[in-house]
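Source file: final-v6.cif. Holds: mmCIF, C-alpha atoms.
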data_input
#
loop_
_atom_site.label_atom_id
_atom_site.label_comp_id
_atom_site.auth_asym_id
_atom_site.auth_seq_id
_atom_site.Cartn_x
_atom_site.Cartn_y
_atom_site.Cartn_z
CA MET A 1 41.07 2.66 88.33
CA ILE A 2 39.36 0.26 85.97
CA PRO A 3 41.70 -0.77 83.13
CA LEU A 4 41.28 1.48 80.08
CA SER A 5 43.39 1.84 76.97
CA LEU A 6 44.43 5.29 75.79
CA ASP A 7 42.19 4.83 72.75
CA GLU A 8 39.25 4.20 75.09
CA ILE A 9 40.13 7.20 77.26
CA ALA A 10 40.45 9.44 74.22
CA ALA A 11 37.04 8.34 72.98
CA VAL A 12 35.50 9.12 76.39
CA VAL A 13 37.03 12.59 76.78
CA GLY A 14 37.01 13.67 73.13
CA GLY A 15 40.78 13.76 72.80
CA THR A 16 43.39 12.37 70.44
CA VAL A 17 46.23 9.97 71.20
CA ALA A 18 49.84 10.95 70.63
CA GLY A 19 51.74 7.68 70.78
CA ASP A 20 50.58 4.12 71.32
CA GLY A 21 46.83 4.09 71.86
CA SER A 22 46.86 0.46 72.97
CA VAL A 23 48.73 1.34 76.18
CA LYS A 24 46.47 0.46 79.09
CA VAL A 25 46.05 2.50 82.26
CA THR A 26 45.49 0.24 85.25
CA ALA A 27 46.37 2.46 88.24
CA PRO A 28 45.02 5.76 89.60
CA ALA A 29 45.47 9.20 88.07
CA VAL A 30 47.78 11.70 89.81
CA LEU A 31 48.67 15.37 89.50
CA ASP A 32 52.14 14.97 91.03
CA GLY A 33 54.38 12.81 88.89
CA ARG A 34 56.30 11.66 91.95
CA GLU A 35 53.13 10.00 93.25
CA ALA A 36 52.48 7.93 90.13
CA GLU A 37 52.00 4.19 90.54
CA PRO A 38 52.95 1.47 88.06
CA GLY A 39 50.33 1.56 85.32
CA GLY A 40 49.08 5.00 86.37
CA LEU A 41 47.95 8.11 84.51
CA PHE A 42 49.71 11.46 84.98
CA VAL A 43 47.44 14.47 84.48
CA ALA A 44 49.47 17.46 83.26
CA PHE A 45 48.45 21.10 83.53
CA ALA A 46 50.23 24.04 81.94
CA GLY A 47 50.17 26.61 84.74
CA GLU A 48 51.33 30.18 85.03
CA HIS A 49 54.53 29.26 86.87
CA ALA A 50 55.09 25.62 85.92
CA ASP A 51 54.20 23.28 83.08
CA GLY A 52 53.23 19.83 84.24
CA HIS A 53 54.00 18.35 80.86
CA SER A 54 57.68 18.87 81.63
CA TYR A 55 57.39 16.34 84.45
CA ALA A 56 56.22 13.46 82.26
CA VAL A 57 59.66 11.85 82.48
CA GLN A 58 59.53 12.00 86.27
CA ALA A 59 56.05 10.48 86.23
CA GLY A 60 57.24 7.72 83.92
CA GLU A 61 60.15 6.92 86.22
CA ALA A 62 57.67 6.57 89.08
CA GLY A 63 55.51 4.16 87.07
CA ALA A 64 53.05 6.20 85.00
CA VAL A 65 52.43 4.72 81.57
CA ALA A 66 50.55 7.64 80.03
CA VAL A 67 49.66 11.32 80.29
CA LEU A 68 46.42 13.26 80.01
CA GLY A 69 47.31 16.79 78.96
CA SER A 70 47.02 19.59 76.45
CA ARG A 71 50.06 18.65 74.32
CA PRO A 72 52.11 15.54 73.53
CA THR A 73 54.80 14.40 75.96
CA VAL A 74 57.53 11.77 76.04
CA LEU A 75 54.91 9.29 77.29
CA PRO A 76 51.90 8.21 75.26
CA THR A 77 49.46 11.09 75.74
CA VAL A 78 45.75 11.72 75.41
CA VAL A 79 45.73 15.30 74.12
CA VAL A 80 42.72 17.45 75.01
CA GLU A 81 41.85 21.14 75.01
CA ASP A 82 41.05 21.27 78.73
CA ALA A 83 42.68 18.71 81.03
CA GLN A 84 40.41 19.54 83.97
CA THR A 85 37.23 18.97 81.98
CA ALA A 86 38.69 15.79 80.52
CA LEU A 87 39.64 14.50 83.98
CA GLN A 88 36.11 15.09 85.25
CA THR A 89 34.56 13.48 82.17
CA LEU A 90 36.76 10.43 82.61
CA ALA A 91 35.82 10.19 86.31
CA ALA A 92 32.10 10.37 85.51
CA HIS A 93 32.55 7.60 82.93
CA VAL A 94 34.38 5.35 85.39
CA ALA A 95 31.76 6.02 88.09
CA ALA A 96 28.98 5.06 85.69
CA ARG A 97 30.79 1.84 84.78
CA LEU A 98 31.13 0.89 88.47
CA ARG A 99 27.76 2.14 89.66
CA ASP A 100 25.87 -1.16 90.07
CA GLY A 101 28.14 -2.51 92.81
CA LEU A 102 29.06 0.78 94.42
CA THR A 103 27.55 2.78 97.28
CA VAL A 104 28.56 6.45 97.11
CA VAL A 105 28.59 8.75 100.13
CA GLY A 106 28.98 12.49 99.56
CA LEU A 107 29.92 14.67 102.51
CA THR A 108 30.03 18.44 103.01
CA GLY A 109 29.91 21.09 105.72
CA SER A 110 31.68 24.23 106.86
CA GLN A 111 33.90 22.29 109.24
CA GLY A 112 34.54 18.69 110.24
CA LYS A 113 34.34 17.28 106.72
CA THR A 114 37.70 15.56 106.70
CA SER A 115 37.49 14.14 110.22
CA THR A 116 33.99 12.80 109.56
CA LYS A 117 35.15 11.35 106.27
CA ASP A 118 38.01 9.60 108.07
CA LEU A 119 35.67 8.24 110.77
CA LEU A 120 33.15 6.99 108.23
CA THR A 121 35.89 5.40 106.16
CA ALA A 122 37.09 3.50 109.23
CA ALA A 123 33.59 2.12 109.74
CA LEU A 124 32.91 1.22 106.12
CA SER A 125 36.31 -0.44 105.71
CA THR A 126 35.26 -3.11 108.20
CA VAL A 127 32.42 -4.07 105.86
CA GLY A 128 33.99 -3.91 102.42
CA PRO A 129 36.70 -2.34 100.22
CA THR A 130 36.42 1.43 100.61
CA VAL A 131 37.93 4.31 98.66
CA ALA A 132 37.81 7.78 100.22
CA THR A 133 39.09 11.27 99.58
CA ILE A 134 42.75 11.58 100.51
CA GLU A 135 43.22 14.27 103.17
CA SER A 136 41.09 17.25 101.99
CA LEU A 137 41.31 16.91 98.21
CA ASN A 138 37.67 17.90 97.86
CA ASN A 139 37.60 20.30 94.90
CA GLU A 140 37.14 20.12 91.13
CA LEU A 141 40.37 18.12 90.83
CA GLY A 142 40.31 16.15 94.07
CA VAL A 143 36.85 14.66 93.55
CA PRO A 144 37.57 13.14 90.11
CA LEU A 145 40.93 11.87 91.34
CA THR A 146 39.12 10.12 94.21
CA ILE A 147 36.60 8.55 91.83
CA LEU A 148 39.40 7.29 89.59
CA ARG A 149 40.94 5.39 92.53
CA ALA A 150 37.89 3.12 92.61
CA ASP A 151 37.89 -0.20 90.76
CA ALA A 152 35.68 -3.23 90.33
CA ALA A 153 36.41 -4.43 93.87
CA THR A 154 35.39 -1.15 95.52
CA ARG A 155 32.17 -1.39 97.50
CA PHE A 156 32.07 2.06 99.11
CA LEU A 157 33.19 5.40 97.71
CA VAL A 158 33.35 8.26 100.25
CA ILE A 159 33.74 11.68 98.65
CA GLU A 160 34.35 14.89 100.57
CA MET A 161 33.01 17.90 98.64
CA GLY A 162 33.96 21.51 99.24
CA ALA A 163 32.67 24.73 97.69
CA ARG A 164 33.88 28.27 97.15
CA ARG A 165 30.85 29.43 95.15
CA ARG A 166 27.30 28.41 94.32
CA GLY A 167 27.17 25.54 91.89
CA ASP A 168 30.46 23.90 92.90
CA ILE A 169 28.88 21.03 94.85
CA ALA A 170 26.12 20.59 92.27
CA HIS A 171 28.81 20.15 89.63
CA LEU A 172 30.78 17.67 91.72
CA ALA A 173 27.68 15.65 92.62
CA GLY A 174 26.92 15.57 88.91
CA LEU A 175 30.02 13.44 88.37
CA VAL A 176 28.48 10.70 90.52
CA ALA A 177 25.17 11.16 92.34
CA PRO A 178 25.59 10.09 95.98
CA ASP A 179 23.42 7.42 97.56
CA VAL A 180 23.96 9.12 100.91
CA ALA A 181 24.47 12.89 101.33
CA VAL A 182 25.88 14.02 104.68
CA VAL A 183 25.65 17.72 105.59
CA LEU A 184 27.47 18.52 108.82
CA ASN A 185 26.88 22.21 109.45
CA VAL A 186 26.62 25.69 107.99
CA GLY A 187 29.33 27.89 109.48
CA GLN A 188 31.54 30.81 108.58
CA ALA A 189 34.09 29.10 106.35
CA HIS A 190 34.32 31.00 103.04
CA LEU A 191 31.94 33.64 104.36
CA GLY A 192 33.84 36.23 102.36
CA GLU A 193 33.19 34.30 99.16
CA PHE A 194 29.50 33.62 99.78
CA GLY A 195 28.48 36.78 101.63
CA SER A 196 26.11 35.18 104.15
CA ARG A 197 25.36 31.95 105.97
CA GLY A 198 22.16 31.70 103.98
CA ALA A 199 24.16 31.58 100.78
CA ILE A 200 26.49 28.98 102.30
CA ALA A 201 23.45 26.88 103.24
CA LYS A 202 22.18 26.99 99.67
CA ALA A 203 25.58 25.83 98.42
CA LYS A 204 25.74 22.94 100.90
CA GLY A 205 22.16 22.01 100.07
CA GLU A 206 23.22 21.25 96.52
CA LEU A 207 24.55 17.93 97.81
CA VAL A 208 21.10 16.93 99.04
CA GLN A 209 19.57 18.05 95.74
CA GLY A 210 22.15 15.92 93.92
CA LEU A 211 21.16 12.66 95.62
CA ALA A 212 20.60 9.60 93.47
CA PRO A 213 16.92 8.56 93.25
CA GLY A 214 15.91 7.08 96.61
CA GLY A 215 19.10 8.33 98.25
CA THR A 216 19.24 9.28 101.93
CA ALA A 217 20.08 12.69 103.34
CA VAL A 218 21.98 12.66 106.67
CA LEU A 219 21.49 16.03 108.38
CA ASN A 220 22.65 17.76 111.56
CA ALA A 221 19.63 17.99 113.86
CA ASP A 222 21.30 20.76 115.90
CA ASP A 223 21.79 23.15 112.97
CA PRO A 224 18.52 24.76 111.82
CA ARG A 225 19.93 25.62 108.38
CA VAL A 226 20.92 22.01 107.85
CA VAL A 227 17.68 20.50 109.16
CA ALA A 228 15.79 22.73 106.75
CA MET A 229 17.47 20.87 103.89
CA ARG A 230 15.04 17.98 104.38
CA ALA A 231 12.74 20.05 102.15
CA LEU A 232 15.22 19.60 99.29
CA THR A 233 14.60 15.87 98.94
CA ASN A 234 11.68 13.49 98.68
CA GLY A 235 13.84 10.62 99.87
CA PRO A 236 14.62 9.31 103.35
CA VAL A 237 16.24 11.59 105.93
CA LEU A 238 18.29 10.62 108.98
CA THR A 239 19.46 13.15 111.55
CA PHE A 240 22.21 13.24 114.16
CA GLY A 241 23.15 15.43 117.12
CA ARG A 242 22.09 16.26 120.67
CA ALA A 243 18.48 17.12 119.82
CA GLU A 244 15.82 14.80 121.26
CA HIS A 245 14.36 14.18 117.83
CA ALA A 246 17.71 13.16 116.28
CA ASP A 247 17.82 9.65 114.84
CA VAL A 248 21.39 9.21 116.14
CA ARG A 249 21.82 11.07 119.44
CA VAL A 250 25.00 11.91 121.31
CA LEU A 251 24.41 11.28 125.03
CA ASP A 252 26.54 11.30 128.19
CA LEU A 253 29.46 13.09 126.56
CA THR A 254 32.58 13.38 128.72
CA LEU A 255 36.23 14.19 128.03
CA ASP A 256 39.28 12.61 129.62
CA ARG A 257 42.25 14.68 130.80
CA ARG A 258 43.68 14.59 127.27
CA GLY A 259 40.48 15.93 125.73
CA ARG A 260 39.37 12.63 124.20
CA PRO A 261 35.58 12.12 124.17
CA SER A 262 33.53 9.23 125.50
CA PHE A 263 29.82 9.14 124.76
CA THR A 264 26.82 7.00 123.87
CA LEU A 265 25.32 6.84 120.38
CA GLN A 266 21.59 6.26 120.82
CA THR A 267 19.16 5.22 118.10
CA ALA A 268 15.54 4.10 118.29
CA ASP A 269 16.65 0.47 118.41
CA ALA A 270 20.09 0.39 119.95
CA ALA A 271 22.75 2.16 121.99
CA ALA A 272 26.51 1.88 121.78
CA ARG A 273 29.25 3.35 123.92
CA VAL A 274 32.11 5.00 122.04
CA VAL A 275 35.55 5.98 123.27
CA LEU A 276 37.30 7.99 120.57
CA PRO A 277 41.09 8.21 120.32
CA LEU A 278 40.66 11.72 118.87
CA VAL A 279 40.74 15.08 120.64
CA GLY A 280 37.79 17.43 121.12
CA ALA A 281 34.12 17.23 122.07
CA HIS A 282 33.19 18.14 118.49
CA GLN A 283 34.55 14.78 117.34
CA ALA A 284 31.60 13.09 119.04
CA PHE A 285 29.24 14.81 116.63
CA ASN A 286 31.43 13.91 113.66
CA ALA A 287 31.21 10.33 114.90
CA ALA A 288 27.42 10.58 115.14
CA ALA A 289 27.29 11.79 111.54
CA ALA A 290 29.42 8.83 110.49
CA ALA A 291 27.15 6.46 112.42
CA ALA A 292 24.04 7.94 110.79
CA ALA A 293 25.59 7.51 107.35
CA GLY A 294 26.41 3.95 108.30
CA LEU A 295 22.78 3.34 109.31
CA ALA A 296 21.64 4.70 105.95
CA ILE A 297 23.81 2.06 104.30
CA GLY A 298 22.67 -0.68 106.67
CA ILE A 299 25.52 -0.85 109.17
CA PRO A 300 24.32 -1.26 112.78
CA VAL A 301 25.42 1.48 115.16
CA GLU A 302 27.22 -1.11 117.30
CA MET A 303 29.50 -2.03 114.40
CA THR A 304 30.28 1.60 113.68
CA ALA A 305 31.04 2.26 117.35
CA ALA A 306 33.54 -0.59 117.45
CA ALA A 307 35.32 0.72 114.36
CA LEU A 308 35.45 4.29 115.69
CA ALA A 309 37.44 3.16 118.72
CA THR A 310 40.51 2.64 116.54
CA ALA A 311 39.95 5.41 113.98
CA SER A 312 42.52 8.04 113.06
CA VAL A 313 42.22 11.31 111.18
CA SER A 314 44.27 13.03 108.49
CA LYS A 315 47.44 14.93 109.35
CA TRP A 316 47.45 18.35 111.02
CA ARG A 317 43.91 17.91 112.32
CA MET A 318 43.83 17.82 116.11
CA GLU A 319 46.99 15.71 116.18
CA LEU A 320 48.02 15.19 119.78
CA SER A 321 51.74 14.61 120.41
CA ASP A 322 53.89 14.29 123.49
CA LEU A 323 57.13 16.21 123.09
CA PRO A 324 60.27 15.85 125.21
CA GLY A 325 60.20 17.59 128.55
CA GLY A 326 56.54 16.91 129.24
CA ILE A 327 55.23 19.31 126.57
CA THR A 328 51.98 18.50 124.73
CA LEU A 329 51.41 19.64 121.14
CA LEU A 330 47.94 19.89 119.61
CA ASN A 331 48.51 20.42 115.89
CA ASP A 332 45.35 21.60 114.13
CA SER A 333 47.16 23.68 111.54
CA PHE A 334 45.58 22.38 108.35
CA ASN A 335 42.88 25.06 108.17
CA ALA A 336 40.78 27.39 110.30
CA ASN A 337 37.60 29.40 110.53
CA PRO A 338 35.95 30.94 113.61
CA ASP A 339 33.86 27.85 114.43
CA SER A 340 36.69 25.34 114.07
CA THR A 341 39.06 27.61 116.01
CA ARG A 342 36.62 27.78 118.93
CA ALA A 343 36.35 23.97 118.85
CA ALA A 344 40.15 23.64 118.93
CA LEU A 345 40.42 26.10 121.82
CA ASP A 346 37.75 24.16 123.72
CA ALA A 347 39.71 20.95 123.17
CA MET A 348 42.93 22.52 124.44
CA ALA A 349 41.17 23.95 127.49
CA VAL A 350 40.49 20.52 129.02
CA ILE A 351 44.11 19.37 128.78
CA GLU A 352 46.04 19.98 131.98
CA GLY A 353 48.97 22.42 131.91
CA ARG A 354 49.83 25.99 130.92
CA ARG A 355 47.88 26.46 127.71
CA ILE A 356 49.51 28.36 124.86
CA ALA A 357 47.36 29.02 121.79
CA VAL A 358 49.41 29.82 118.68
CA LEU A 359 46.88 31.34 116.28
CA GLY A 360 47.27 32.71 112.78
CA GLU A 361 44.98 34.39 110.30
CA MET A 362 41.62 32.93 109.34
CA LEU A 363 41.07 33.70 105.67
CA GLU A 364 37.99 34.25 103.49
CA LEU A 365 35.91 36.02 106.13
CA GLY A 366 35.21 39.07 103.98
CA GLU A 367 34.21 42.36 105.57
CA GLU A 368 33.78 40.70 108.97
CA SER A 369 37.39 39.53 109.08
CA GLU A 370 38.78 42.00 111.61
CA SER A 371 35.82 41.72 113.96
CA GLU A 372 35.81 37.91 113.76
CA HIS A 373 39.53 37.80 114.57
CA ARG A 374 38.98 40.11 117.54
CA ILE A 375 36.11 37.92 118.77
CA ILE A 376 38.33 34.85 118.51
CA GLY A 377 40.96 36.66 120.53
CA GLU A 378 38.40 37.39 123.24
CA TYR A 379 37.32 33.75 123.23
CA ALA A 380 40.92 32.51 123.30
CA ALA A 381 41.53 34.58 126.42
CA THR A 382 38.90 32.45 128.20
CA ARG A 383 40.59 29.23 127.15
CA ALA A 384 44.34 29.86 127.02
CA ASP A 385 46.91 31.27 129.42
CA VAL A 386 48.95 32.76 126.59
CA ILE A 387 47.82 33.64 123.05
CA ILE A 388 50.47 33.98 120.35
CA ALA A 389 49.03 35.87 117.37
CA VAL A 390 51.23 35.14 114.34
CA GLY A 391 51.38 37.50 111.37
CA GLU A 392 49.84 40.82 110.43
CA GLY A 393 46.49 39.23 109.63
CA ALA A 394 46.22 37.90 113.20
CA ARG A 395 46.87 41.18 115.02
CA ALA A 396 43.18 41.60 115.75
CA ILE A 397 43.35 38.30 117.67
CA ALA A 398 45.98 39.85 119.93
CA ALA A 399 43.84 42.97 120.34
CA GLY A 400 40.87 40.87 121.39
CA ALA A 401 42.90 38.72 123.77
CA GLY A 402 44.32 41.70 125.63
CA GLU A 403 47.09 41.28 128.18
CA ARG A 404 47.38 37.53 127.61
CA ALA A 405 48.43 38.04 123.99
CA VAL A 406 51.81 38.27 122.30
CA ALA A 407 51.77 39.55 118.72
CA LEU A 408 54.61 38.19 116.58
CA PRO A 409 55.37 39.06 112.95
CA ASP A 410 55.86 35.60 111.45
CA ASN A 411 56.40 31.88 111.97
CA THR A 412 60.12 32.29 112.60
CA ALA A 413 59.50 34.70 115.44
CA ALA A 414 56.89 32.35 116.91
CA ILE A 415 59.30 29.42 116.77
CA HIS A 416 61.98 31.46 118.55
CA TRP A 417 59.50 32.55 121.21
CA LEU A 418 58.37 28.99 121.86
CA ARG A 419 61.90 27.61 122.02
CA ARG A 420 62.84 30.19 124.61
CA THR A 421 59.68 29.97 126.64
CA LEU A 422 58.25 26.44 126.68
CA ALA A 423 58.48 24.58 129.96
CA PRO A 424 57.49 21.13 131.21
CA GLY A 425 53.73 20.73 131.44
CA ASP A 426 52.92 23.27 128.73
CA VAL A 427 50.19 22.56 126.18
CA VAL A 428 50.60 24.18 122.75
CA LEU A 429 47.77 24.52 120.21
CA VAL A 430 48.69 25.53 116.65
CA LYS A 431 45.77 26.74 114.50
CA ALA A 432 45.32 28.93 111.39
CA SER A 433 44.15 28.88 107.80
CA ARG A 434 46.21 26.74 105.46
CA GLU A 435 47.97 29.64 103.76
CA ALA A 436 49.53 30.71 107.07
CA HIS A 437 51.63 27.50 107.08
CA LEU A 438 51.60 27.20 110.85
CA GLU A 439 52.49 23.54 110.40
CA GLU A 440 56.04 24.92 110.15
CA ILE A 441 55.78 25.94 113.79
CA ALA A 442 54.51 22.51 114.81
CA ALA A 443 57.29 20.83 112.82
CA ALA A 444 59.90 22.97 114.54
CA LEU A 445 58.87 21.61 117.93
CA THR A 446 60.57 18.28 117.30
CA PRO A 447 62.92 16.36 119.60
CA ALA A 448 65.91 17.39 117.47
CA ARG A 449 65.08 21.09 117.57
CA LEU A 450 63.30 21.68 120.86
CA ARG A 451 65.35 23.67 123.37
#
The structure given in the file should be rewritten as structure tokens.
Amino acid sequence: MIPLSLDEIAAVVGGTVAGDGSVKVTAPAVLDGREAEPGGLFVAFAGEHADGHSYAVQAGEAGAVAVLGSRPTVLPTVVVEDAQTALQTLAAHVAARLRDGLTVVGLTGSQGKTSTKDLLTAALSTVGPTVATIESLNNELGVPLTILRADAATRFLVIEMGARRRGDIAHLAGLVAPDVAVVLNVGQAHLGEFGSRGAIAKAKGELVQGLAPGGTAVLNADDPRVVAMRALTNGPVLTFGRAEHADVRVLDLTLDRRGRPSFTLQTADAAARVVLPLVGAHQAFNAAAAAAAGLAIGIPVEMTAAALATASVSKWRMELSDLPGGITLLNDSFNANPDSTRAALDAMAVIEGRRIAVLGEMLELGEESESEHRIIGEYAATRADVIIAVGEGARAIAAGAGERAVALPDNTAAIHWLRRTLAPGDVVLVKASREAHLEEIAAALTPARLR
């Protein structure tokens, strides 16, 4: 965060100051008062079940010096009518102030956004100070919070952008136009919200349309809906994937016995071998997207490849753990849709052992939800020895998987089943949409609790 006094912030967002307007904010903005840093800004929302303004004391104890909210608090406060709008306005102002020395990368897609963001951040961090979206905070609040973590020293800003309706990404890109727009794929995530893949493609294409003048679009050469987005820009386009015409190609892809990919990234001028510490063949294509974005910025593919060898991804995304008794846990519980679930099942399938897929409901699939869950069950039966379908919403998975499936009512039942049944050499995949909270199952399989 660039240093700003409350008087300056109020002038930017059209608010008034309750308290000392000379107080200066020097640290990032946060929504959780416990996460405030010394000199930080606490953004308070009055919700249906909780009022953030009541946590101003907690934020102050953690280090916050001021609040942005809709009413005065015990801390000096910039009072506005709409805290969300004010937060976004402040972020756009800060981005404009930093723009001359900053390269902005926007990234979207139906799946793989966070892993690609993490891989790209690893590469860019070897070149200069980089600020990136934390975990998957990619919405109307997460994007401005990410922007406000940048300061005068920041050279690269990597922003993951998600969408639940048309116009979301256009609005987010309007806060700071990206110099590089990466579109990974058009899948089935949020299909229930959008109604069709064509509508999803139009929403993702808003990132390309939001490019800064002369900005570069980085597009998936293997996804026809994404490649078609080159028509949305007059600027440069780089592509990635398996296709022969891709600017960054994935060649000679192999997986080790733990499911970790090795491959070559090939460009017109160079080739670099990559050994990823991550799990799943799909990570090779996320890496290619990161390498293409790096090329757009001017980073040679060899430098990106070296950085990728030590990269890590955010929690609950294909996290591979060795548990006591020779049990392997693949925790991919952060979120799920049909495409990402198939990728996770493919990753599990190459790991040696009895394979147990613990699958929960995939949300936001609309009218196709039951059929898509049944199809996933059928696919899981080709990849796993046992399929545990958790919760009422996942029963169609069990129906599709047939005799290999066990349908259980909730996480507690799944935990009990696993504790009774797991044996040395077993491989357990945990995967579902975020609201299913299957991370609880993964957490229960700890050394202290495993039986």
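Contact shell of A:Val279 at 9 Å (only C-alpha atoms; same-chain neighbours under 2 positions omitted): A:Leu255, A:Arg258, A:Gly259, A:Arg260, A:Pro261, A:Leu276, A:Pro277, A:Ala281, A:His282, A:Gln283, A:Met318, A:Glu319, A:Leu320, A:Leu330, A:Ala344, A:Ala347, A:Met348.
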A:Ala201 environment, 8 Å, only C-alpha atoms, sequence neighbours closer than 2 positions dropped, as a PyMOL selection string: chain A and resi 186+197-199+203-205+225-226
Residues matched by the PyMOL selection byres ((chain A and resi 242) around 12), written as a VMD selection string: chain A and resid 220 to 223 239 to 241 243 to 253 263 to 267 282 284 to 286 288 to 289
The PyMOL selection byres ((chain A and resi 418) around 12) resolved against shown file, as JSON, numbers by chain: {"A": [327, 329, 356, 357, 358, 386, 387, 388, 406, 408, 411, 412, 413, 414, 415, 416, 417, 419, 420, 421, 422, 423, 426, 427, 428, 429, 430, 441, 442, 444, 445, 446, 449, 450, 451]}
The PyMOL selection byres ((chain A and resi 215) around 7) resolved against shown file, as a ChimeraX atom specification: /A:179-180,211-214,216-217,235-236
Which residue of A:Leu124, A:Ala170, A:Val208, A:Val182 approaches A:Gly294 most closely, using all atoms listed in the file: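 The shortest atom-to-atom distance to A:Gly294 comes from A:Leu124.
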I need every residue sitting at most 9 Å from the point (32.6, 7.7, 107.4) (coordinates as in the file, all atoms listed in the file considered), written as a CSV table (one decimal) with C-alpha atoms, in the frame of the given file.
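As written to disk, point04.csv reads:
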chain,number,residue,atom,x,y,z
A,105,VAL,CA,28.6,8.8,100.1
A,107,LEU,CA,29.9,14.7,102.5
A,115,SER,CA,37.5,14.1,110.2
A,116,THR,CA,34.0,12.8,109.6
A,117,LYS,CA,35.2,11.4,106.3
A,118,ASP,CA,38.0,9.6,108.1
A,119,LEU,CA,35.7,8.2,110.8
A,120,LEU,CA,33.2,7.0,108.2
A,121,THR,CA,35.9,5.4,106.2
A,122,ALA,CA,37.1,3.5,109.2
A,123,ALA,CA,33.6,2.1,109.7
A,124,LEU,CA,32.9,1.2,106.1
A,132,ALA,CA,37.8,7.8,100.2
A,158,VAL,CA,33.4,8.3,100.2
A,286,ASN,CA,31.4,13.9,113.7
A,287,ALA,CA,31.2,10.3,114.9
A,289,ALA,CA,27.3,11.8,111.5
A,290,ALA,CA,29.4,8.8,110.5
A,291,ALA,CA,27.2,6.5,112.4
A,293,ALA,CA,25.6,7.5,107.4
A,294,GLY,CA,26.4,4.0,108.3
Non-local contacts of A:Arg383 (9 Å; all atoms listed in the file; under 6 positions in same chain excluded) as a ChimeraX atom specification: /A:345-346,348-350,355,357
Just need the box for stretch 132-139 of chain A, edges along x, y and z, holding every atom the file lists for it with 5 Å tacked onto each side, so centre and edge lengths in Å to one decimal, as JSON.
{"center_x": 40.4, "center_y": 14.0, "center_z": 99.0, "size_x": 15.6, "size_y": 22.5, "size_z": 18.3}
Of the listed residues A:Val127, A:Ala181, A:Met362, A:Leu137, that which approaches A:Ala163 most closely, counting only C-alpha atoms: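 The closest residue to A:Ala163 is A:Leu137.
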A:Val65 surroundings by all atoms listed in the file, 8 Å radius, close-in-sequence under 4 positions cut, as a list in words: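 Counting all atoms listed in the file, the residues come to Val23, Lys24, Val25, Pro38, Gly39, Gly40, Leu41, Gly60, Leu75 and Pro76 of chain A.
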Straight-line distance linking atom CA of A:Ile397 with atom CA of A:Tyr379, stated in Å to one decimal: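 Rounded to one decimal, the two atoms are 9.4 Å apart.
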For atom CA of A:Glu135 and atom CA of A:Phe194, the interatomic separation in Å (one decimal):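 Atom CA of A:Glu135 sits 24.0 Å away from atom CA of A:Phe194.
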